[in-house]
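Right, one structure below, let's go through it.
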Amino acid sequence: MNPQRHIWLLGLSGSGKSTLGPLLAARLHLPFADTDQLITQSSGRTITDIFQADGEKKFRQLESRVLQEVSIHTPSVISCGGGVILDPANRQIMSHTGLRVYLQVPLPILESRLALATDRPLLPPDQRANLLAQQLAQRGKWYAESEICLDAQNSTPEEMVQHILAQIPSS
């Protein structure tokens with residue numbers, strides 16, 4: 001199976017996109033891209049540095065540019081930053097160029113997975129639980145528009161790949 005369109009992995013921070021993406025790409029014999037990694041490579045700075053120096057607005061501009069660039073290349077599996085769906089133009093690009101996969105994970109599990117993370121500028125540890133809930137409230141409706149919505153809480157990454165493969169249309 002080798003889809004003729006991109007597979008966009010969506011979800012909040014900690015949902016498993018960056019872990020699952022390379023596994024899924026390998027199974028589909030597709031390239032893998034991570035929008036956050038592409039942003040850091042092209043800017044020569046970490047995501048945290050971009051947020052601290054330039055703010056979220058500048059980061060979102062960089063994110064949109066990376067998304068546009070990757071969307072015109074050969075079909076790939078793409079792990080997207082959790083906030084990529086905030087921009088209507090990004091949502092349109094993803095819906096027109098590929099299959100969106102939303103990895104749904106309950107907030108307490110996300111909090112646990114992110115407990116030691118220091119590289120999430122929008123999720124400082126002392127506010128993480130409340131901010132994750134706010135992000136889900138803000139973004140959930142757009143995540144839910146995905147062609148594939150998977151409960152990603154009780155499955156291993158390999159099982160998640162199997163669930164996704166089973167739902168990818170043949171044609």
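Chain identifiers are assigned as A, B, and so on, following the order in which chains appear in the structure tokens; residues are numbered from 1 within each chain, and ligands are numbered from 1 in order of appearance.
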
All residues 9 Å or closer to stretch 124-133 of chain A, only C-alpha atoms, same chain fewer than 6 positions away omitted, as a tab-separated table (two decimals) with N, CA and C atoms, in the first residue's frame:
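Output file result-v1.tsv follows:
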```tsv
chain	number	residue	atom	x	y	z
A	12	LEU	N	-2.75	16.88	20.01
A	12	LEU	CA	-2.08	17.72	20.99
A	12	LEU	C	-0.66	17.22	21.25
A	13	SER	N	0.15	18.07	21.86
A	13	SER	CA	1.49	17.67	22.27
A	13	SER	C	1.40	16.42	23.14
A	107	LEU	N	-6.57	13.82	28.40
A	107	LEU	CA	-5.70	14.83	28.99
A	107	LEU	C	-4.80	14.30	30.11
A	108	PRO	N	-5.29	13.47	31.04
A	108	PRO	CA	-4.39	12.98	32.09
A	108	PRO	C	-3.20	12.18	31.53
A	110	LEU	N	-1.86	12.69	28.50
A	110	LEU	CA	-0.96	13.68	27.91
A	110	LEU	C	-0.11	14.35	28.98
A	111	GLU	N	-0.74	14.72	30.09
A	111	GLU	CA	-0.01	15.35	31.18
A	111	GLU	C	1.11	14.43	31.67
A	114	LEU	N	3.97	14.24	29.19
A	114	LEU	CA	4.71	15.51	29.08
A	114	LEU	C	5.34	15.95	30.39
A	115	ALA	N	5.24	15.13	31.42
A	115	ALA	CA	5.69	15.52	32.76
A	115	ALA	C	7.12	16.03	32.80
A	116	LEU	N	8.00	15.43	32.03
A	116	LEU	CA	9.41	15.81	32.06
A	116	LEU	C	9.82	16.71	30.89
A	117	ALA	N	8.86	17.06	30.03
A	117	ALA	CA	9.19	17.86	28.84
A	117	ALA	C	9.58	19.29	29.23
A	118	THR	N	10.66	19.75	28.62
A	118	THR	CA	11.10	21.13	28.85
A	118	THR	C	11.10	21.93	27.55
```

For this session: Identify, on the basis of only C-alpha atoms, every residue whose closest approach to A:Gly81 does not exceed 10 Å; exclude the query and any residue fewer than 5 positions from it along the same chain; express the result as an MDAnalysis selection string.
Result: chainID A and resid 9:13 17:18 34:37 60 63

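Closest approach to A:Glu69 from the set A:Ser95, A:Leu38, A:Ser43, A:Pro88 is made by A:Leu38, with distances taken over only C-alpha atoms.
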
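Remark: for A:His29, the closest of the candidate residues A:Ile148, A:Val70, A:Ile50, A:Val77 is A:Val77 (distances computed over only C-alpha atoms).
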
Problem set entry | Who sits within 10 Å of stretch 5-8 of chain A, only C-alpha atoms, same chain under 5 positions skipped, as a PyMOL selection string | chain A and resi 17+21+24-25+30-34+70-80+94-102+146+164+168

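The space separating atom CA of A:Glu145 from atom CA of A:Ile93 comes to 13.4 Å.
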
Problem set entry | Residue list (strand (DSSP E), DSSP) for stretch 66-101 of chain A, as JSON, numbers by chain | {"A": [77, 78, 79, 98, 99, 100, 101]}

Keeping C-alpha atoms, export the residues of the selection given above as a PDB file, in the first residue's frame.
```
ATOM      1  CA  VAL A  77       3.775  10.959   6.392  1.00  0.00           C
ATOM      2  CA  ILE A  78       3.930  14.302   8.196  1.00  0.00           C
ATOM      3  CA  SER A  79       3.885  14.845  11.939  1.00  0.00           C
ATOM      4  CA  GLY A  98      -3.973  14.262   2.097  1.00  0.00           C
ATOM      5  CA  LEU A  99      -5.569  12.174   4.764  1.00  0.00           C
ATOM      6  CA  ARG A 100      -5.731  13.692   8.249  1.00  0.00           C
ATOM      7  CA  VAL A 101      -5.239  11.347  11.202  1.00  0.00           C
TER       8      VAL A 101
END
```

Which neighbours of stretch 150-158 of chain A fall inside 9 Å, counting only C-alpha atoms, when residues of the same chain fewer than 4 positions from it are skipped, and could you give them as a PDB file with C-alpha atoms, in the first residue's frame?
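File written: out13.pdb
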```
ATOM      1  CA  SER A  15      -0.238  12.362  21.502  1.00  0.00           C
ATOM      2  CA  GLY A  16       2.475  10.306  19.800  1.00  0.00           C
ATOM      3  CA  THR A  19       6.828   8.467  17.549  1.00  0.00           C
ATOM      4  CA  LEU A  20       4.178   7.039  15.253  1.00  0.00           C
ATOM      5  CA  LEU A  23       6.877   3.797  11.931  1.00  0.00           C
ATOM      6  CA  LEU A  24       3.908   4.509   9.667  1.00  0.00           C
ATOM      7  CA  VAL A 101      -5.239  11.347  11.202  1.00  0.00           C
ATOM      8  CA  TYR A 102      -6.169  12.641  14.650  1.00  0.00           C
ATOM      9  CA  LEU A 103      -4.520  10.852  17.554  1.00  0.00           C
ATOM     10  CA  GLN A 104      -6.893  11.276  20.483  1.00  0.00           C
ATOM     11  CA  VAL A 105      -5.390  10.889  23.955  1.00  0.00           C
ATOM     12  CA  PRO A 106      -7.110  11.777  27.251  1.00  0.00           C
ATOM     13  CA  ILE A 109      -2.326  10.696  29.845  1.00  0.00           C
ATOM     14  CA  GLN A 162      -2.069  -1.219  12.125  1.00  0.00           C
ATOM     15  CA  HIS A 163      -5.222   0.741  12.987  1.00  0.00           C
ATOM     16  CA  ILE A 164      -4.268   3.519  10.590  1.00  0.00           C
TER      17      ILE A 164
END
```

For this session: Output as a VMD selection string all residues of chain A that backbone DSSP marks as alpha helix (DSSP H).
Result: chain A and resid 17 to 28 35 to 43 47 to 71 88 to 97 107 to 113 128 to 143 157 to 167

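The closest residue to A:Glu56, picked from A:Gln92, A:Gln68, A:Arg120, A:Gln41 and counting only C-alpha atoms, is A:Arg120.
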
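Pairwise distance (atom CA of A:Cys149, atom CA of A:Arg65) equals 25.6 Å.
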